[in-house]
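Each remark here refers to the structure printed beneath this line.
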Amino acid sequence: MKQDHTNSYYAASANQSFDFPELTTEEMADVCVVGSGITGAATALELASKGLKVIVLEAERVGWGASGRSGGQAIFGWGCDQDTIENLVGHSDAKKLWDLSVESLSVTKDYINRYNIDCDWRDGMVHLGVKPRHDRELEAWYRQMNEDYGYSSLQLWNQEQVRQHINSDRYTSGLFDANSGHLHPLNYTLGLVKAAKEAGAIFYEGSAVKNIKHGSPAMVITDKGKVIADHVVLAGNAYLKGISYPIESRVMPVGTYICATEPLGKELAMSLMKDHISACDINFVLDYFRISADYRMLFGGKVSYSGLEPMNLKETMRKRMISVFPQLKNVKVEQAWGGNVAVTINRAPHFGRLKDNVYYAQGFSGHGIAAAGLAGKLMAEAVAGTASRIDTFQKIPHLPFVGGRVFRTPAMVLGMAYYRVRDML
């Protein structure tokens with residue numbers, strides 16, 4: 001039985017819903033997509049629009065995973081810095097990957113405009129420093145993006161400029177990007193599902209994939225049915241379980257958490273964050289926050305590498321929020337929720353080809369809102385026979401997490417202790 005969406009602000013403010021049936025028969029398709037988040041829905045939309053028969057299998061409800069419950073920030077770049085990408089693949093391919101990250105923002109905005117997706121898009125996002133080391137890092141980042149990559153939409157803010165936009169004493173500097181932005185992630189995902197459905201894609205919910213028998217065609221098997229397809233796209237990300245260990249071992253599901261306050265009213269909300277921009281700091285374990293369309297504070301942060309949700313999540317997130325905005329100490333937190341993102345060891349994205357006719361996109365490492373839509377386009381290109389852009393991603397080396405299925409989580413917990421300490425310095 002499929003699970004309802006997590007009890008989040010996004011689910012409570014969703015502007016449409018779907019109730020797709022469970023797969024209970026054997027079906028034939030040109031393409032079977034596993035997962036109905038942004039990547040899966042965008043893949044289905046692109047391919048169905050070209051006249052292919054596309055079947056999407058979702059274990060729970062469409063948009064149930066990270067795509068429907070995340071921080072909602074659409075950001076340039078990848079989960080790792082550009083220096084890491086250069087060290088992994090060299091400057092030439094790093095530039096191609098950078099350009100693709102910028103394209104991901106254009107893809108997101110194009111989907112919203114072309115399909116009239118009502119998802120509260122707002123322009124503007126700032127990365128924030130909290131200490132002198134961060135100030136130097138943001139300045140170096142700004143210079144690198146301008147001089148080496150020709151990215152001209154950035155502004156470097158000093159402490160006073162940050163204070164004009166973010167009403168908190170915590171931050172010492174900022175790197176603002178007018179090209180990035182934020183949105184309602186569930187409504188965006190549901191909008192892509194609607195567009196894909198109208199283009200002819202067929203969705204099944206409550207249809208978790210248990211096994212794939214590789215071949216040409218491949219057979220994708222659920223509890224009660226199967227899809228025989230010429231091509232398969234794996235778009236389950238952190239929720240892709242037990243289907244392909246070689247892929248799954250390259251990502252770690254990491255819990256991250258968000259809270260939503262009661263409505264603050266426009267005056268208070270805009271006094272906290274000017275111009276509806278979104279923000280995050282640049283600690284390894286970071287805080288991220290923004291004002292919703294109905295003037296609530298949406299504040300995220302804290303991570304769990306153990307798979308265990310923090311106790312008393314509402315109060316935990318409230319304390320974290322008021323450490324940044326003490327003005328909200330008497331404001332009620334109405335909802336708090338979490339979910340898993342998939343991170344890679346190097347925080348670079350993990351896209352590629354598992355078999356000649358099986359493709360995957362995962363490991364967005366916190367940058368999935370924009371990058372997942374781009375991933376859908378790239379998956380569709382590969383299915384159509386043009387895989388050159390996916391091939392660039394495949395040049396990124398990805399190691400499996402140590403410890404196998406049993407011990408990789410405790411190993412990750414120990415490893416992250418170093419970065420927690422570094423954030424304090």
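Chain lettering (A, B, ...) mirrors the order of the structure tokens, residue numbering begins at 1 for each chain separately, and ligand numbering begins at 1 in order of display.
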Using only C-alpha atoms, find each residue in stretch 109-210 of chain A having at least one atom no more than 7 Å away from stretch 276-283 of chain A; report its shortest atom-to-atom pair and that distance in Å (one decimal), rows by chain then rising number, as a Markdown table.
| residue | atom | partner | partner_atom | distance |
| --- | --- | --- | --- | --- |
| A:Arg122 | CA | A:His276 | CA | 6.7 |
| A:Asp123 | CA | A:Ile277 | CA | 6.6 |
| A:Gly124 | CA | A:Ile277 | CA | 4.8 |
| A:Met125 | CA | A:Ser278 | CA | 4.6 |
| A:Val126 | CA | A:Ala279 | CA | 4.8 |
| A:His127 | CA | A:Cys280 | CA | 5.2 |
| A:Leu128 | CA | A:Asp281 | CA | 4.3 |
| A:Gly129 | CA | A:Asp281 | CA | 5.8 |
| A:Gly181 | CA | A:Ser278 | CA | 6.8 |
| A:His182 | CA | A:Ser278 | CA | 6.6 |
Please save C-alpha atoms of the selected residues as a compact mmCIF listing (two decimals), in the first residue's frame.
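Okay, out.txt is ready:
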# COMPACT_ATOMS: atom_id res chain seq x y z
CA ARG A 122 11.25 33.52 -6.68
CA ASP A 123 14.55 34.87 -7.98
CA GLY A 124 17.62 35.31 -5.79
CA MET A 125 19.71 33.22 -3.42
CA VAL A 126 22.68 34.05 -1.19
CA HIS A 127 25.42 31.86 0.28
CA LEU A 128 26.39 33.22 3.69
CA GLY A 129 29.64 33.25 5.62
CA GLY A 181 16.10 31.06 -6.76
CA HIS A 182 13.58 28.97 -4.87
Quiz item: Residues of stretch 52-197 of chain A in strand (DSSP E) according to DSSP, as a ChimeraX atom specification?
Solution: /A:54-57,73-74,122-129,154-157,173-182
Quiz item: Counting only C-alpha atoms, which of A:Val227, A:Ile396, A:Leu286, A:Ile369 gets nearest to A:Phe203?
Solution: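 Closest candidate: A:Val227.
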Practice problem: Take atom CA of A:Pro263 and atom CA of A:Met297 and report the distance between them in Å, one decimal. | Solution: 7.8 Å
Quiz item: Which residue gives the smallest distance to A:Val251 among A:Phe176, A:Tyr149, A:Phe364, A:Tyr188, with only C-alpha atoms counted?
Solution: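 Among A:Phe176, A:Tyr149, A:Phe364, A:Tyr188, it is A:Phe364 that comes nearest to A:Val251.
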Quiz prompt | Point-to-point distance from atom CA of A:Gly300 to atom CA of A:Thr256, Å rounded to tenths | solution = 7.6 Å
Self-check item: Distance in Å - atom CA of A:Ile322 versus atom CA of A:Leu138
Solution: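 Computed distance, atom CA of A:Ile322 to atom CA of A:Leu138, equals 24.7 Å.
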Quiz prompt | For A:Leu354: contacts at 10 Å, only C-alpha atoms, fewer than 4 positions along chain excluded, given as a ChimeraX atom specification | solution = /A:214,232-234,244,246-247,358-360
Exercise. Might you pull out every residue within 6 Å of stretch 335-348 of chain A, with only C-alpha atoms counted and same-chain residues fewer than 5 positions away left off, and present them as a ChimeraX atom specification?
Key: /A:8,79-80,238,251-260,314,363,365
Those in stretch 10-224 of chain A with alpha helix (DSSP H) from DSSP, as an mmCIF file with C-alpha atoms, in the first residue's frame:
data_model
loop_
_atom_site.group_PDB
_atom_site.id
_atom_site.type_symbol
_atom_site.label_atom_id
_atom_site.label_comp_id
_atom_site.auth_asym_id
_atom_site.auth_seq_id
_atom_site.Cartn_x
_atom_site.Cartn_y
_atom_site.Cartn_z
ATOM 1 C CA TYR A 10 4.365 21.399 1.191
ATOM 2 C CA ALA A 11 1.820 18.588 1.403
ATOM 3 C CA ALA A 12 -0.596 20.840 3.272
ATOM 4 C CA ILE A 38 11.758 15.669 -10.587
ATOM 5 C CA THR A 39 14.195 13.475 -12.526
ATOM 6 C CA GLY A 40 11.643 10.780 -13.276
ATOM 7 C CA ALA A 41 8.849 13.188 -14.156
ATOM 8 C CA ALA A 42 11.127 15.306 -16.376
ATOM 9 C CA THR A 43 12.418 12.190 -18.151
ATOM 10 C CA ALA A 44 8.862 11.006 -18.750
ATOM 11 C CA LEU A 45 7.800 14.446 -19.967
ATOM 12 C CA GLU A 46 10.666 14.749 -22.443
ATOM 13 C CA LEU A 47 10.228 11.255 -23.885
ATOM 14 C CA ALA A 48 6.422 11.176 -23.958
ATOM 15 C CA SER A 49 6.495 14.531 -25.764
ATOM 16 C CA GLN A 82 34.386 23.663 -8.719
ATOM 17 C CA ASP A 83 37.984 23.015 -7.622
ATOM 18 C CA THR A 84 36.960 19.478 -6.675
ATOM 19 C CA ILE A 85 35.396 18.961 -10.108
ATOM 20 C CA GLU A 86 38.561 20.253 -11.792
ATOM 21 C CA ASN A 87 40.727 17.892 -9.750
ATOM 22 C CA LEU A 88 38.502 14.981 -10.743
ATOM 23 C CA VAL A 89 38.117 15.578 -14.492
ATOM 24 C CA HIS A 91 39.520 22.038 -16.429
ATOM 25 C CA SER A 92 37.979 21.378 -19.862
ATOM 26 C CA ASP A 93 35.397 18.868 -18.654
ATOM 27 C CA ALA A 94 34.914 20.836 -15.437
ATOM 28 C CA LYS A 95 33.872 23.800 -17.593
ATOM 29 C CA LYS A 96 31.357 21.588 -19.448
ATOM 30 C CA LEU A 97 29.926 20.396 -16.129
ATOM 31 C CA TRP A 98 29.765 23.954 -14.833
ATOM 32 C CA ASP A 99 27.874 25.060 -17.940
ATOM 33 C CA LEU A 100 25.438 22.186 -17.419
ATOM 34 C CA SER A 101 24.805 23.321 -13.846
ATOM 35 C CA VAL A 102 23.938 26.792 -15.134
ATOM 36 C CA GLU A 103 21.745 25.221 -17.822
ATOM 37 C CA SER A 104 19.870 23.390 -15.067
ATOM 38 C CA LEU A 105 18.527 26.719 -13.814
ATOM 39 C CA SER A 106 17.335 27.612 -17.316
ATOM 40 C CA VAL A 107 15.713 24.184 -17.640
ATOM 41 C CA THR A 108 13.844 24.702 -14.352
ATOM 42 C CA LYS A 109 12.553 28.124 -15.339
ATOM 43 C CA ASP A 110 11.613 26.885 -18.810
ATOM 44 C CA TYR A 111 9.553 24.010 -17.417
ATOM 45 C CA ILE A 112 7.748 26.399 -15.075
ATOM 46 C CA ASN A 113 6.949 28.868 -17.846
ATOM 47 C CA ARG A 114 6.215 26.399 -20.659
ATOM 48 C CA PRO A 132 36.603 35.167 8.570
ATOM 49 C CA ARG A 133 37.583 31.897 6.870
ATOM 50 C CA HIS A 134 34.221 31.889 5.103
ATOM 51 C CA ASP A 135 34.688 35.511 4.043
ATOM 52 C CA ARG A 136 37.920 34.565 2.278
ATOM 53 C CA GLU A 137 36.339 31.487 0.704
ATOM 54 C CA LEU A 138 33.398 33.458 -0.667
ATOM 55 C CA GLU A 139 35.693 36.118 -2.142
ATOM 56 C CA ALA A 140 37.843 33.446 -3.819
ATOM 57 C CA TRP A 141 34.693 31.740 -5.107
ATOM 58 C CA TYR A 142 33.400 35.013 -6.531
ATOM 59 C CA ARG A 143 36.666 35.689 -8.363
ATOM 60 C CA GLN A 144 36.884 32.143 -9.711
ATOM 61 C CA MET A 145 33.324 32.188 -11.050
ATOM 62 C CA ASN A 146 33.836 35.543 -12.751
ATOM 63 C CA GLU A 147 37.359 35.150 -14.073
ATOM 64 C CA GLN A 159 28.598 42.227 6.405
ATOM 65 C CA GLU A 160 26.660 45.476 6.092
ATOM 66 C CA GLN A 161 25.166 44.467 2.744
ATOM 67 C CA VAL A 162 24.155 41.086 4.131
ATOM 68 C CA ARG A 163 22.499 42.809 7.081
ATOM 69 C CA GLN A 164 20.423 44.910 4.654
ATOM 70 C CA HIS A 165 18.890 41.701 3.278
ATOM 71 C CA PRO A 185 9.171 21.703 -4.527
ATOM 72 C CA LEU A 186 6.094 19.497 -4.301
ATOM 73 C CA ASN A 187 3.974 21.761 -6.485
ATOM 74 C CA TYR A 188 6.820 21.935 -9.004
ATOM 75 C CA THR A 189 7.131 18.147 -9.085
ATOM 76 C CA LEU A 190 3.370 17.655 -9.365
ATOM 77 C CA GLY A 191 3.345 20.183 -12.195
ATOM 78 C CA LEU A 192 5.916 18.118 -14.077
ATOM 79 C CA VAL A 193 3.875 14.959 -13.436
ATOM 80 C CA LYS A 194 0.763 16.651 -14.811
ATOM 81 C CA ALA A 195 2.629 17.795 -17.914
ATOM 82 C CA ALA A 196 4.082 14.314 -18.452
ATOM 83 C CA LYS A 197 0.672 12.710 -17.994
ATOM 84 C CA GLU A 198 -0.872 15.081 -20.515
ATOM 85 C CA ALA A 199 1.943 14.241 -22.928
#
Practice problem: Have a look at A:Cys119, A:Met317, A:Ile75, A:Leu268 and name the one nearest to A:Ala371; count only C-alpha atoms. | Solution: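 For A:Ala371, the nearest of the given residues is A:Ile75.
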Quiz item: Counting only C-alpha atoms, what is within 9 Å of A:Leu298, bar same-chain residues fewer than 3 positions away, as a PyMOL selection string?
Solution: chain A and resi 9+71+258-261+288-292
Residues from last step as file, C-alpha atoms, as a PDB file, in the first residue's frame:
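Produced file part37.pdb, reproduced below:
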ATOM      1  CA  TYR A   9       3.958  22.377   4.829  1.00  0.00           C
ATOM      2  CA  GLY A  71      14.501  22.930   0.912  1.00  0.00           C
ATOM      3  CA  ILE A 258      12.898  21.524   7.816  1.00  0.00           C
ATOM      4  CA  CYS A 259      10.335  23.387   9.883  1.00  0.00           C
ATOM      5  CA  ALA A 260       7.584  25.817   8.934  1.00  0.00           C
ATOM      6  CA  THR A 261       6.299  28.510  11.256  1.00  0.00           C
ATOM      7  CA  TYR A 288      19.067  27.079   4.828  1.00  0.00           C
ATOM      8  CA  PHE A 289      15.990  29.261   4.979  1.00  0.00           C
ATOM      9  CA  ARG A 290      13.483  31.328   3.036  1.00  0.00           C
ATOM     10  CA  ILE A 291      10.046  32.936   3.291  1.00  0.00           C
ATOM     11  CA  SER A 292       7.111  31.039   1.782  1.00  0.00           C
TER      12      SER A 292
END
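Proximity to A:Lys53 was assessed for A:Asp230, A:Glu22, A:Asp356, A:Asp275 counting only C-alpha atoms; the smallest distance is recorded for A:Asp230.
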